[in-house]
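J.: Structure file final-v6.csv, CSV, C-alpha atoms, is pasted below:
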```
chain,number,residue,atom,x,y,z
K,1032,MET,CA,88.3,85.0,86.5
K,1033,ILE,CA,91.7,86.7,86.4
K,1034,VAL,CA,94.5,85.0,88.3
K,1035,ARG,CA,97.8,86.8,88.5
K,1036,ASP,CA,101.0,86.1,90.5
K,1037,PHE,CA,103.0,89.0,91.7
K,1038,ASN,CA,106.1,87.0,91.1
K,1039,ASP,CA,105.3,86.5,87.4
K,1040,LEU,CA,105.1,90.3,86.8
K,1041,THR,CA,108.8,91.0,87.2
K,1042,GLY,CA,110.2,92.5,84.0
K,1043,THR,CA,106.7,93.3,82.6
K,1044,ASP,CA,105.2,96.8,82.0
K,1045,ARG,CA,103.1,96.2,85.0
K,1046,VAL,CA,106.1,97.1,87.2
K,1047,VAL,CA,106.6,100.8,87.3
K,1048,SER,CA,109.4,102.6,89.2
K,1049,ASP,CA,110.1,106.2,90.0
K,1050,ALA,CA,112.5,107.8,92.4
K,1051,GLN,CA,112.7,105.4,95.3
K,1052,TRP,CA,109.4,103.6,94.8
K,1053,THR,CA,108.2,100.7,92.7
K,1054,SER,CA,104.7,99.7,92.1
K,1055,VAL,CA,103.4,96.4,90.8
K,1056,ARG,CA,100.1,96.8,89.1
K,1057,MET,CA,98.1,93.7,89.9
K,1058,LEU,CA,94.9,95.2,88.4
K,1059,LEU,CA,94.5,98.1,86.1
K,1060,ALA,CA,91.6,99.9,84.5
K,1061,ASP,CA,91.4,97.6,81.5
K,1062,ASP,CA,90.8,94.7,83.8
K,1063,GLY,CA,87.3,96.1,84.2
K,1064,MET,CA,87.0,95.8,88.0
K,1065,GLY,CA,86.2,99.5,88.5
K,1066,PHE,CA,89.3,99.9,90.7
K,1067,SER,CA,93.0,99.2,90.4
K,1068,PHE,CA,95.1,97.3,92.9
K,1069,HIS,CA,98.9,97.7,93.3
K,1070,ILE,CA,101.6,96.4,95.5
K,1071,THR,CA,103.9,99.3,96.2
K,1072,PHE,CA,107.4,99.4,97.7
K,1073,LEU,CA,108.9,102.6,99.1
K,1074,GLU,CA,112.6,102.5,99.8
K,1075,ALA,CA,113.9,102.8,103.3
K,1076,GLY,CA,114.8,106.5,104.0
K,1077,SER,CA,112.7,107.9,101.2
K,1078,GLU,CA,110.1,110.6,101.4
K,1079,HIS,CA,107.3,111.2,98.9
K,1080,THR,CA,104.7,113.9,98.5
K,1081,PHE,CA,101.6,112.9,96.6
K,1082,HIS,CA,98.3,114.6,95.8
K,1083,TYR,CA,95.8,112.5,94.0
K,1084,LYS,CA,93.4,115.2,93.0
K,1085,ASN,CA,91.5,112.9,90.7
K,1086,HIS,CA,91.6,109.6,92.6
K,1087,PHE,CA,90.6,108.1,95.9
K,1088,GLU,CA,93.3,105.8,97.2
K,1089,SER,CA,93.5,103.4,100.1
K,1090,VAL,CA,96.9,102.1,101.3
K,1091,TYR,CA,97.3,99.1,103.7
K,1092,CYS,CA,100.7,98.5,105.2
K,1093,MET,CA,101.8,94.9,104.9
K,1094,GLN,CA,105.4,95.4,106.0
K,1095,GLY,CA,107.8,98.1,107.2
K,1096,SER,CA,107.5,101.3,109.2
K,1097,GLY,CA,107.1,105.0,108.5
K,1098,SER,CA,104.7,107.9,108.8
K,1099,ILE,CA,102.2,109.9,106.9
K,1100,THR,CA,101.6,113.6,107.3
K,1101,ASP,CA,98.3,115.2,106.2
K,1102,LEU,CA,99.6,118.5,104.7
K,1103,ALA,CA,96.2,120.2,105.2
K,1104,THR,CA,96.2,119.6,109.0
K,1105,GLY,CA,99.9,119.0,109.8
K,1106,GLU,CA,98.9,115.8,111.6
K,1107,THR,CA,101.3,112.9,111.4
K,1108,HIS,CA,100.3,109.2,111.8
K,1109,GLN,CA,102.6,106.3,112.3
K,1110,ILE,CA,102.6,103.6,109.6
K,1111,LYS,CA,103.2,99.9,110.6
K,1112,PRO,CA,101.8,96.6,109.5
K,1113,GLY,CA,98.0,96.6,109.8
K,1114,VAL,CA,97.6,100.4,109.5
K,1115,MET,CA,95.6,101.7,106.5
K,1116,TYR,CA,95.1,105.2,105.4
K,1117,ALA,CA,92.5,106.3,102.9
K,1118,LEU,CA,92.7,109.5,101.0
K,1119,ASP,CA,88.9,110.2,101.0
K,1120,LYS,CA,89.4,113.9,100.5
K,1121,HIS,CA,92.1,113.7,97.9
K,1122,ASP,CA,94.4,114.6,100.8
K,1123,LYS,CA,97.8,116.0,99.9
K,1124,HIS,CA,100.3,114.1,102.0
K,1125,THR,CA,103.9,113.2,102.7
K,1126,LEU,CA,104.8,109.6,103.2
K,1127,ARG,CA,108.1,108.6,104.8
K,1128,ALA,CA,109.6,105.2,104.9
K,1129,ASP,CA,111.8,104.6,107.9
K,1130,GLU,CA,112.1,100.9,106.9
K,1131,GLU,CA,111.1,99.8,103.4
K,1132,LEU,CA,107.3,100.0,103.2
K,1133,VAL,CA,105.3,97.3,101.4
K,1134,MET,CA,101.8,98.6,100.8
K,1135,ALA,CA,98.6,97.2,99.2
K,1136,CYS,CA,96.9,100.1,97.3
K,1137,CYS,CA,93.5,100.5,95.7
K,1138,PHE,CA,92.6,103.4,93.4
K,1139,ASN,CA,89.2,104.6,92.3
K,1140,PRO,CA,88.9,105.4,89.5
K,1141,PRO,CA,91.3,102.7,88.4
K,1142,VAL,CA,94.8,103.7,87.3
K,1143,THR,CA,95.2,102.9,83.6
K,1144,GLY,CA,99.0,102.4,83.8
K,1145,HIS,CA,99.8,105.3,81.6
K,1146,GLU,CA,99.7,108.0,84.2
K,1147,VAL,CA,102.8,109.8,85.3
K,1148,HIS,CA,103.1,111.8,88.5
K,1149,GLN,CA,102.6,115.4,87.6
K,1150,ALA,CA,104.6,118.3,89.2
K,1151,ASP,CA,101.8,118.7,91.8
K,1152,GLY,CA,102.0,115.1,92.9
K,1153,SER,CA,98.8,114.1,91.2
K,1154,TYR,CA,97.9,111.7,88.5
K,1155,ALA,CA,95.8,113.2,85.7
K,1156,ALA,CA,92.1,112.2,85.7
K,1157,PRO,CA,91.2,109.5,83.2
K,1158,ALA,CA,89.5,112.0,80.8
K,1159,GLU,CA,92.6,114.2,80.7
K,1160,GLU,CA,94.9,111.4,79.7
K,1161,ASN,CA,94.9,112.2,76.0
K,1162,ALA,CA,94.3,115.9,76.4
P,358,MET,CA,92.1,111.3,105.6
P,359,ILE,CA,91.0,108.2,107.3
P,360,VAL,CA,93.6,106.3,109.3
P,361,ARG,CA,92.6,102.9,110.8
P,362,ASP,CA,94.7,100.3,112.5
P,363,PHE,CA,93.6,96.7,111.9
P,364,ASN,CA,94.6,95.9,115.5
P,365,ASP,CA,92.2,98.5,116.9
P,366,LEU,CA,89.2,96.9,115.2
P,367,THR,CA,89.1,93.8,117.3
P,368,GLY,CA,85.8,93.6,119.2
P,369,THR,CA,84.1,96.1,117.0
P,370,ASP,CA,81.3,95.6,114.5
P,371,ARG,CA,83.8,95.9,111.7
P,372,VAL,CA,84.9,92.3,112.5
P,373,VAL,CA,82.5,89.8,110.9
P,374,SER,CA,82.7,86.0,111.3
P,375,ASP,CA,80.9,83.2,109.6
P,376,ALA,CA,81.6,79.5,109.5
P,377,GLN,CA,85.4,79.2,109.4
P,378,TRP,CA,86.2,82.7,108.1
P,379,THR,CA,86.6,86.2,109.7
P,380,SER,CA,86.7,89.4,107.8
P,381,VAL,CA,88.0,92.8,109.2
P,382,ARG,CA,86.3,95.6,107.3
P,383,MET,CA,89.0,98.3,107.0
P,384,LEU,CA,86.8,100.3,104.6
P,385,LEU,CA,83.0,100.1,104.0
P,386,ALA,CA,80.5,101.9,101.8
P,387,ASP,CA,80.0,104.7,104.2
P,388,ASP,CA,83.7,105.7,104.0
P,389,GLY,CA,82.9,107.0,100.6
P,390,MET,CA,85.8,105.6,98.7
P,391,GLY,CA,83.6,103.7,96.1
P,392,PHE,CA,85.1,100.4,97.1
P,393,SER,CA,85.4,98.5,100.3
P,394,PHE,CA,88.6,96.9,101.6
P,395,HIS,CA,88.7,93.9,104.0
P,396,ILE,CA,91.4,91.7,105.5
P,397,THR,CA,89.9,88.2,105.5
P,398,PHE,CA,91.1,85.0,107.3
P,399,LEU,CA,90.0,81.6,106.1
P,400,GLU,CA,90.6,78.7,108.6
P,401,ALA,CA,93.1,76.0,107.7
P,402,GLY,CA,91.2,73.0,106.3
P,403,SER,CA,88.1,75.1,105.4
P,404,GLU,CA,86.3,75.2,102.0
P,405,HIS,CA,84.0,78.0,100.9
P,406,THR,CA,81.7,78.4,97.8
P,407,PHE,CA,80.9,82.1,97.0
P,408,HIS,CA,79.1,83.7,94.2
P,409,TYR,CA,79.1,87.5,94.3
P,410,LYS,CA,76.5,88.1,91.6
P,411,ASN,CA,76.3,91.8,92.4
P,412,HIS,CA,79.9,92.6,93.2
P,413,PHE,CA,83.4,92.5,91.6
P,414,GLU,CA,86.0,91.3,94.1
P,415,SER,CA,89.7,91.1,94.0
P,416,VAL,CA,91.6,89.0,96.5
P,417,TYR,CA,95.4,89.2,97.1
P,418,CYS,CA,97.0,86.4,99.2
P,419,MET,CA,99.3,87.8,101.9
P,420,GLN,CA,99.8,84.6,103.8
P,421,GLY,CA,98.9,80.9,103.7
P,422,SER,CA,98.2,78.4,100.9
P,423,GLY,CA,95.2,76.9,99.2
P,424,SER,CA,93.4,76.8,95.9
P,425,ILE,CA,90.5,78.3,94.0
P,426,THR,CA,88.3,76.5,91.6
P,427,ASP,CA,86.3,78.4,88.9
P,428,LEU,CA,83.1,76.5,89.0
P,429,ALA,CA,82.2,77.5,85.4
P,430,THR,CA,85.3,76.0,83.9
P,431,GLY,CA,86.4,73.5,86.5
P,432,GLU,CA,89.9,75.1,86.5
P,433,THR,CA,91.8,75.1,89.7
P,434,HIS,CA,94.6,77.6,90.6
P,435,GLN,CA,97.0,77.4,93.5
P,436,ILE,CA,96.9,80.2,96.0
P,437,LYS,CA,100.0,81.4,97.8
P,438,PRO,CA,101.5,84.7,98.9
P,439,GLY,CA,101.6,87.1,95.9
P,440,VAL,CA,98.8,85.4,94.0
P,441,MET,CA,95.7,87.5,93.3
P,442,TYR,CA,92.4,86.4,91.8
P,443,ALA,CA,89.8,88.9,90.5
P,444,LEU,CA,86.2,87.9,90.0
P,445,ASP,CA,85.7,90.0,86.9
P,446,LYS,CA,82.8,87.9,85.7
P,447,HIS,CA,81.1,87.5,89.1
P,448,ASP,CA,82.6,84.0,88.9
P,449,LYS,CA,81.1,81.4,91.2
P,450,HIS,CA,84.1,79.7,92.9
P,451,THR,CA,85.2,77.4,95.6
P,452,LEU,CA,88.1,78.5,97.8
P,453,ARG,CA,90.1,76.0,99.9
P,454,ALA,CA,92.5,76.9,102.6
P,455,ASP,CA,95.2,74.2,103.1
P,456,GLU,CA,97.0,76.5,105.6
P,457,GLU,CA,95.2,79.5,107.1
P,458,LEU,CA,94.8,82.1,104.3
P,459,VAL,CA,95.1,85.8,105.0
P,460,MET,CA,93.7,87.8,102.1
P,461,ALA,CA,93.4,91.5,101.2
P,462,CYS,CA,90.0,91.9,99.4
P,463,CYS,CA,88.5,94.8,97.5
P,464,PHE,CA,84.8,94.9,96.6
P,465,ASN,CA,83.0,97.1,94.0
P,466,PRO,CA,80.4,98.2,94.8
P,467,PRO,CA,81.6,98.6,98.3
P,468,VAL,CA,80.1,96.3,100.9
P,469,THR,CA,77.9,98.2,103.4
P,470,GLY,CA,78.7,95.8,106.3
P,471,HIS,CA,75.0,94.7,106.6
P,472,GLU,CA,75.1,92.0,103.9
P,473,VAL,CA,74.8,88.4,104.8
P,474,HIS,CA,75.8,85.6,102.5
P,475,GLN,CA,72.7,84.3,100.8
P,476,ALA,CA,71.9,80.7,100.2
P,477,ASP,CA,73.4,81.0,96.7
P,478,GLY,CA,76.8,82.3,98.1
P,479,SER,CA,76.1,85.9,97.0
P,480,TYR,CA,75.7,89.2,98.8
P,481,ALA,CA,72.6,91.1,97.8
P,482,ALA,CA,73.1,94.2,95.6
P,483,PRO,CA,73.1,97.5,97.5
P,484,ALA,CA,69.6,98.4,96.2
P,485,GLU,CA,68.1,95.1,97.3
P,486,GLU,CA,69.3,95.6,100.9
P,487,ASN,CA,66.0,96.9,102.3
P,488,ALA,CA,63.8,95.1,99.8
```
What is this file in C-alpha cells?

T.:
Amino acid sequence: MIVRDFNDLTGTDRVVSDAQWTSVRMLLADDGMGFSFHITFLEAGSEHTFHYKNHFESVYCMQGSGSITDLATGETHQIKPGVMYALDKHDKHTLRADEELVMACCFNPPVTGHEVHQADGSYAAPAEENA
Amino acid sequence: MIVRDFNDLTGTDRVVSDAQWTSVRMLLADDGMGFSFHITFLEAGSEHTFHYKNHFESVYCMQGSGSITDLATGETHQIKPGVMYALDKHDKHTLRADEELVMACCFNPPVTGHEVHQADGSYAAPAEENA
C-alpha cells in the first residue's frame, strides 16, 4: 500500500510547474497502478490549450470556476466543483480559469513525470520518451 | 469529450449505495478511458473492510477524517484531506470514517457498474462477471 500526503510533496520533484499551472503528482507510472493521479492548480485568469494525443485524461473540478472549449466542435462547457471532463477522444481543448481551478486528474497511460508539453500541447507517448 | 456534473447524477443508476457508503460513478468501463473514477462518501462512524483482489484502486481524501489499516502489516495511517492511499498490492484493508469521508477514487481495470462486493470484500474481475 502506498500512502502519500499532498502536503508532504511540496519541494519535491513530484511538483511540476509551467506557465500558470502547477501539478502535484500523487501517482506516477513507476507506482505501477496503470494510471497516474495528479492534483493540478490553474491560476486565476489563465488559459491553456492542451492536446494529449497519446493519453486519455479525466479531470474533476474540486474548487474554482472556469470553462473548457472543445476545439473540434467549438462547444464550451462551464467548469465548477463537481464537473468532470474526460478526454476520451484525445480532444484538443482550451481550459480557462476564471477563479483558480483545483482539479483531480487521472491519466492513462500513466504519466512518467519526465514528459514536457510539446509545441502541439501534447505529452509524448511513453515509447517516444527516449526517442 | 465527456462532460458530466456530479450534481446531475443524483437519482440515476450511476449512484450506488451499500451499508454506510455511497459512490457516484463519474466514469465507468463503458466510457472507454481504461479506468473508472468515482466520488465516494463513507458515513461518519462507519468501518469498511475491502479487498480488491482484481483491481488496483487509488483513493484521494477531499474531505473528512479517518484512518486506514493495512491488514497484512497491521499498520494504520491517518486519513485527512490531501492524503491518498493506493492499493498497489491489492491490499486488504479496513477503512474507518471518524468524520464523513469524501474520496476521489480511480479503479484499474475500470469498474463496469455491475459489480457487487463479494463476501471477501472484493469485486469480481471483469472476466468473471458473467461466469

J.: Rank nothing, just name the residue among P:Cys462, P:Val373, P:Ala386, P:Met358 nearest to Lys1120 in chain K, using all atoms listed in the file.

T.: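 Of P:Cys462, P:Val373, P:Ala386, P:Met358, the one nearest Lys1120 in chain K, counting all atoms listed in the file, is P:Met358.
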
J.: Would you list which chain K residues are within 9 Å of chain P using all atoms listed in the file, as a PyMOL selection string?

T.: chain K and resi 1032-1038+1057-1058+1062-1066+1068+1087-1089+1091+1093+1101+1108+1111-1122+1135+1137-1140

J.: What does chain P look like once superposed on chain K, all Cα atoms paired in sequence order, least squares? Give it as a PDB file with C-alpha atoms, in the coordinates of the input.

T.:
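Okay, this is what ended up in selection.pdb:
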```pdb
ATOM      1  CA  MET P 358      88.340  85.027  86.552  1.00  0.00           C
ATOM      2  CA  ILE P 359      91.660  86.662  86.430  1.00  0.00           C
ATOM      3  CA  VAL P 360      94.495  84.977  88.299  1.00  0.00           C
ATOM      4  CA  ARG P 361      97.876  86.806  88.491  1.00  0.00           C
ATOM      5  CA  ASP P 362     100.952  85.992  90.475  1.00  0.00           C
ATOM      6  CA  PHE P 363     102.926  89.016  91.695  1.00  0.00           C
ATOM      7  CA  ASN P 364     106.138  87.035  91.094  1.00  0.00           C
ATOM      8  CA  ASP P 365     105.325  86.552  87.408  1.00  0.00           C
ATOM      9  CA  LEU P 366     105.077  90.295  86.793  1.00  0.00           C
ATOM     10  CA  THR P 367     108.720  91.057  87.214  1.00  0.00           C
ATOM     11  CA  GLY P 368     110.150  92.488  83.981  1.00  0.00           C
ATOM     12  CA  THR P 369     106.788  93.328  82.578  1.00  0.00           C
ATOM     13  CA  ASP P 370     105.212  96.715  81.961  1.00  0.00           C
ATOM     14  CA  ARG P 371     103.031  96.208  84.988  1.00  0.00           C
ATOM     15  CA  VAL P 372     106.097  97.060  87.152  1.00  0.00           C
ATOM     16  CA  VAL P 373     106.552 100.844  87.364  1.00  0.00           C
ATOM     17  CA  SER P 374     109.434 102.612  89.155  1.00  0.00           C
ATOM     18  CA  ASP P 375     110.037 106.203  90.000  1.00  0.00           C
ATOM     19  CA  ALA P 376     112.500 107.818  92.349  1.00  0.00           C
ATOM     20  CA  GLN P 377     112.744 105.451  95.329  1.00  0.00           C
ATOM     21  CA  TRP P 378     109.436 103.606  94.847  1.00  0.00           C
ATOM     22  CA  THR P 379     108.242 100.628  92.684  1.00  0.00           C
ATOM     23  CA  SER P 380     104.677  99.714  92.120  1.00  0.00           C
ATOM     24  CA  VAL P 381     103.431  96.278  90.762  1.00  0.00           C
ATOM     25  CA  ARG P 382     100.085  96.807  89.070  1.00  0.00           C
ATOM     26  CA  MET P 383      98.110  93.628  89.889  1.00  0.00           C
ATOM     27  CA  LEU P 384      94.926  95.181  88.457  1.00  0.00           C
ATOM     28  CA  LEU P 385      94.509  98.162  86.053  1.00  0.00           C
ATOM     29  CA  ALA P 386      91.598  99.931  84.401  1.00  0.00           C
ATOM     30  CA  ASP P 387      91.439  97.563  81.534  1.00  0.00           C
ATOM     31  CA  ASP P 388      90.723  94.596  83.861  1.00  0.00           C
ATOM     32  CA  GLY P 389      87.324  96.068  84.271  1.00  0.00           C
ATOM     33  CA  MET P 390      86.970  95.791  87.983  1.00  0.00           C
ATOM     34  CA  GLY P 391      86.290  99.592  88.530  1.00  0.00           C
ATOM     35  CA  PHE P 392      89.311  99.911  90.746  1.00  0.00           C
ATOM     36  CA  SER P 393      92.956  99.206  90.355  1.00  0.00           C
ATOM     37  CA  PHE P 394      95.092  97.287  92.854  1.00  0.00           C
ATOM     38  CA  HIS P 395      98.893  97.713  93.229  1.00  0.00           C
ATOM     39  CA  ILE P 396     101.569  96.368  95.556  1.00  0.00           C
ATOM     40  CA  THR P 397     103.903  99.318  96.146  1.00  0.00           C
ATOM     41  CA  PHE P 398     107.433  99.397  97.712  1.00  0.00           C
ATOM     42  CA  LEU P 399     108.832 102.601  99.122  1.00  0.00           C
ATOM     43  CA  GLU P 400     112.653 102.584  99.768  1.00  0.00           C
ATOM     44  CA  ALA P 401     113.903 102.812 103.336  1.00  0.00           C
ATOM     45  CA  GLY P 402     114.860 106.436 104.061  1.00  0.00           C
ATOM     46  CA  SER P 403     112.680 107.818 101.203  1.00  0.00           C
ATOM     47  CA  GLU P 404     110.067 110.631 101.459  1.00  0.00           C
ATOM     48  CA  HIS P 405     107.289 111.180  98.945  1.00  0.00           C
ATOM     49  CA  THR P 406     104.676 114.022  98.547  1.00  0.00           C
ATOM     50  CA  PHE P 407     101.551 112.910  96.555  1.00  0.00           C
ATOM     51  CA  HIS P 408      98.358 114.605  95.800  1.00  0.00           C
ATOM     52  CA  TYR P 409      95.848 112.460  93.916  1.00  0.00           C
ATOM     53  CA  LYS P 410      93.384 115.201  93.009  1.00  0.00           C
ATOM     54  CA  ASN P 411      91.449 112.908  90.693  1.00  0.00           C
ATOM     55  CA  HIS P 412      91.599 109.635  92.564  1.00  0.00           C
ATOM     56  CA  PHE P 413      90.599 108.088  95.945  1.00  0.00           C
ATOM     57  CA  GLU P 414      93.325 105.774  97.237  1.00  0.00           C
ATOM     58  CA  SER P 415      93.498 103.421 100.096  1.00  0.00           C
ATOM     59  CA  VAL P 416      96.814 102.079 101.309  1.00  0.00           C
ATOM     60  CA  TYR P 417      97.231  99.098 103.713  1.00  0.00           C
ATOM     61  CA  CYS P 418     100.722  98.540 105.236  1.00  0.00           C
ATOM     62  CA  MET P 419     101.817  94.899 104.956  1.00  0.00           C
ATOM     63  CA  GLN P 420     105.400  95.405 105.960  1.00  0.00           C
ATOM     64  CA  GLY P 421     107.815  98.107 107.136  1.00  0.00           C
ATOM     65  CA  SER P 422     107.441 101.318 109.168  1.00  0.00           C
ATOM     66  CA  GLY P 423     107.125 105.005 108.505  1.00  0.00           C
ATOM     67  CA  SER P 424     104.721 107.881 108.810  1.00  0.00           C
ATOM     68  CA  ILE P 425     102.222 109.942 106.867  1.00  0.00           C
ATOM     69  CA  THR P 426     101.621 113.591 107.270  1.00  0.00           C
ATOM     70  CA  ASP P 427      98.291 115.208 106.175  1.00  0.00           C
ATOM     71  CA  LEU P 428      99.560 118.380 104.698  1.00  0.00           C
ATOM     72  CA  ALA P 429      96.216 120.183 105.275  1.00  0.00           C
ATOM     73  CA  THR P 430      96.228 119.632 108.991  1.00  0.00           C
ATOM     74  CA  GLY P 431      99.866 119.006 109.763  1.00  0.00           C
ATOM     75  CA  GLU P 432      98.883 115.746 111.557  1.00  0.00           C
ATOM     76  CA  THR P 433     101.285 112.907 111.422  1.00  0.00           C
ATOM     77  CA  HIS P 434     100.329 109.190 111.837  1.00  0.00           C
ATOM     78  CA  GLN P 435     102.662 106.267 112.308  1.00  0.00           C
ATOM     79  CA  ILE P 436     102.588 103.579 109.687  1.00  0.00           C
ATOM     80  CA  LYS P 437     103.184  99.941 110.521  1.00  0.00           C
ATOM     81  CA  PRO P 438     101.792  96.568 109.501  1.00  0.00           C
ATOM     82  CA  GLY P 439      97.965  96.629 109.849  1.00  0.00           C
ATOM     83  CA  VAL P 440      97.644 100.388 109.525  1.00  0.00           C
ATOM     84  CA  MET P 441      95.611 101.673 106.571  1.00  0.00           C
ATOM     85  CA  TYR P 442      95.161 105.247 105.398  1.00  0.00           C
ATOM     86  CA  ALA P 443      92.431 106.262 102.905  1.00  0.00           C
ATOM     87  CA  LEU P 444      92.637 109.500 100.986  1.00  0.00           C
ATOM     88  CA  ASP P 445      88.923 110.182 101.087  1.00  0.00           C
ATOM     89  CA  LYS P 446      89.384 113.891 100.548  1.00  0.00           C
ATOM     90  CA  HIS P 447      92.097 113.619  97.869  1.00  0.00           C
ATOM     91  CA  ASP P 448      94.374 114.629 100.755  1.00  0.00           C
ATOM     92  CA  LYS P 449      97.782 115.969  99.812  1.00  0.00           C
ATOM     93  CA  HIS P 450     100.273 114.047 102.021  1.00  0.00           C
ATOM     94  CA  THR P 451     103.848 113.262 102.649  1.00  0.00           C
ATOM     95  CA  LEU P 452     104.800 109.621 103.193  1.00  0.00           C
ATOM     96  CA  ARG P 453     108.098 108.626 104.864  1.00  0.00           C
ATOM     97  CA  ALA P 454     109.536 105.192 104.899  1.00  0.00           C
ATOM     98  CA  ASP P 455     111.819 104.607 107.945  1.00  0.00           C
ATOM     99  CA  GLU P 456     112.141 100.905 106.959  1.00  0.00           C
ATOM    100  CA  GLU P 457     111.147  99.745 103.473  1.00  0.00           C
ATOM    101  CA  LEU P 458     107.316  99.938 103.261  1.00  0.00           C
ATOM    102  CA  VAL P 459     105.323  97.353 101.359  1.00  0.00           C
ATOM    103  CA  MET P 460     101.797  98.604 100.752  1.00  0.00           C
ATOM    104  CA  ALA P 461      98.613  97.202  99.175  1.00  0.00           C
ATOM    105  CA  CYS P 462      96.920 100.161  97.348  1.00  0.00           C
ATOM    106  CA  CYS P 463      93.512 100.499  95.755  1.00  0.00           C
ATOM    107  CA  PHE P 464      92.674 103.392  93.422  1.00  0.00           C
ATOM    108  CA  ASN P 465      89.219 104.659  92.282  1.00  0.00           C
ATOM    109  CA  PRO P 466      88.980 105.430  89.461  1.00  0.00           C
ATOM    110  CA  PRO P 467      91.309 102.700  88.475  1.00  0.00           C
ATOM    111  CA  VAL P 468      94.733 103.729  87.243  1.00  0.00           C
ATOM    112  CA  THR P 469      95.208 102.963  83.516  1.00  0.00           C
ATOM    113  CA  GLY P 470      98.989 102.341  83.876  1.00  0.00           C
ATOM    114  CA  HIS P 471      99.846 105.315  81.550  1.00  0.00           C
ATOM    115  CA  GLU P 472      99.705 108.044  84.219  1.00  0.00           C
ATOM    116  CA  VAL P 473     102.803 109.799  85.308  1.00  0.00           C
ATOM    117  CA  HIS P 474     103.050 111.779  88.493  1.00  0.00           C
ATOM    118  CA  GLN P 475     102.596 115.424  87.660  1.00  0.00           C
ATOM    119  CA  ALA P 476     104.579 118.244  89.099  1.00  0.00           C
ATOM    120  CA  ASP P 477     101.855 118.755  91.728  1.00  0.00           C
ATOM    121  CA  GLY P 478     102.099 115.051  92.925  1.00  0.00           C
ATOM    122  CA  SER P 479      98.825 114.072  91.198  1.00  0.00           C
ATOM    123  CA  TYR P 480      97.889 111.651  88.449  1.00  0.00           C
ATOM    124  CA  ALA P 481      95.772 113.192  85.735  1.00  0.00           C
ATOM    125  CA  ALA P 482      92.067 112.207  85.656  1.00  0.00           C
ATOM    126  CA  PRO P 483      91.217 109.465  83.154  1.00  0.00           C
ATOM    127  CA  ALA P 484      89.548 111.975  80.773  1.00  0.00           C
ATOM    128  CA  GLU P 485      92.552 114.282  80.741  1.00  0.00           C
ATOM    129  CA  GLU P 486      94.887 111.448  79.659  1.00  0.00           C
ATOM    130  CA  ASN P 487      94.930 112.293  75.941  1.00  0.00           C
ATOM    131  CA  ALA P 488      94.256 115.991  76.392  1.00  0.00           C
TER     132      ALA P 488
END
```

J.: Report the distance between CA of Gln1094 in chain K and CA of Tyr1154 in chain K in Å, rounded to one decimal place.

T.: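 CA of Tyr1154 in chain K lies at a distance of 25.1 Å from CA of Gln1094 in chain K.
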
J.: What is the distance between CA of Val473 in chain P and CA of His395 in chain P, in Å to one decimal?

T.: 15.0 Å

J.: CA of Arg1045 in chain K and CA of Gly1144 in chain K are how many Å apart?

T.: 7.5 Å

J.: Tell me which of P:Ala401, P:Tyr409, P:Glu456, P:Thr451 sits closest to Ser422 in chain P, counting only C-alpha atoms.

T.: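 Answer, going by the shortest atom-to-atom distance: P:Glu456.
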
J.: Under the rule that all atoms listed in the file are counted, which of K:Thr1053, K:Gly1097, K:Asp1061, K:Glu1074 is the nearest residue to His1145 in chain K?

T.: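 Of K:Thr1053, K:Gly1097, K:Asp1061, K:Glu1074, the one nearest His1145 in chain K is K:Asp1061, counting all atoms listed in the file.
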
J.: Can you tell me, as a PDB file with C-alpha atoms, in the frame of the given file, which residues sit within 8 Å of (92.3, 80.3, 102.1) in the file's frame, using only C-alpha atoms?

T.:
```pdb
ATOM      1  CA  PHE P 398      91.100  85.000 107.300  1.00  0.00           C
ATOM      2  CA  LEU P 399      90.000  81.600 106.100  1.00  0.00           C
ATOM      3  CA  GLU P 400      90.600  78.700 108.600  1.00  0.00           C
ATOM      4  CA  ALA P 401      93.100  76.000 107.700  1.00  0.00           C
ATOM      5  CA  SER P 403      88.100  75.100 105.400  1.00  0.00           C
ATOM      6  CA  GLU P 404      86.300  75.200 102.000  1.00  0.00           C
ATOM      7  CA  GLY P 421      98.900  80.900 103.700  1.00  0.00           C
ATOM      8  CA  SER P 422      98.200  78.400 100.900  1.00  0.00           C
ATOM      9  CA  GLY P 423      95.200  76.900  99.200  1.00  0.00           C
ATOM     10  CA  SER P 424      93.400  76.800  95.900  1.00  0.00           C
ATOM     11  CA  ILE P 436      96.900  80.200  96.000  1.00  0.00           C
ATOM     12  CA  LEU P 452      88.100  78.500  97.800  1.00  0.00           C
ATOM     13  CA  ARG P 453      90.100  76.000  99.900  1.00  0.00           C
ATOM     14  CA  ALA P 454      92.500  76.900 102.600  1.00  0.00           C
ATOM     15  CA  ASP P 455      95.200  74.200 103.100  1.00  0.00           C
ATOM     16  CA  GLU P 456      97.000  76.500 105.600  1.00  0.00           C
ATOM     17  CA  GLU P 457      95.200  79.500 107.100  1.00  0.00           C
ATOM     18  CA  LEU P 458      94.800  82.100 104.300  1.00  0.00           C
ATOM     19  CA  VAL P 459      95.100  85.800 105.000  1.00  0.00           C
ATOM     20  CA  MET P 460      93.700  87.800 102.100  1.00  0.00           C
TER      21      MET P 460
END
```
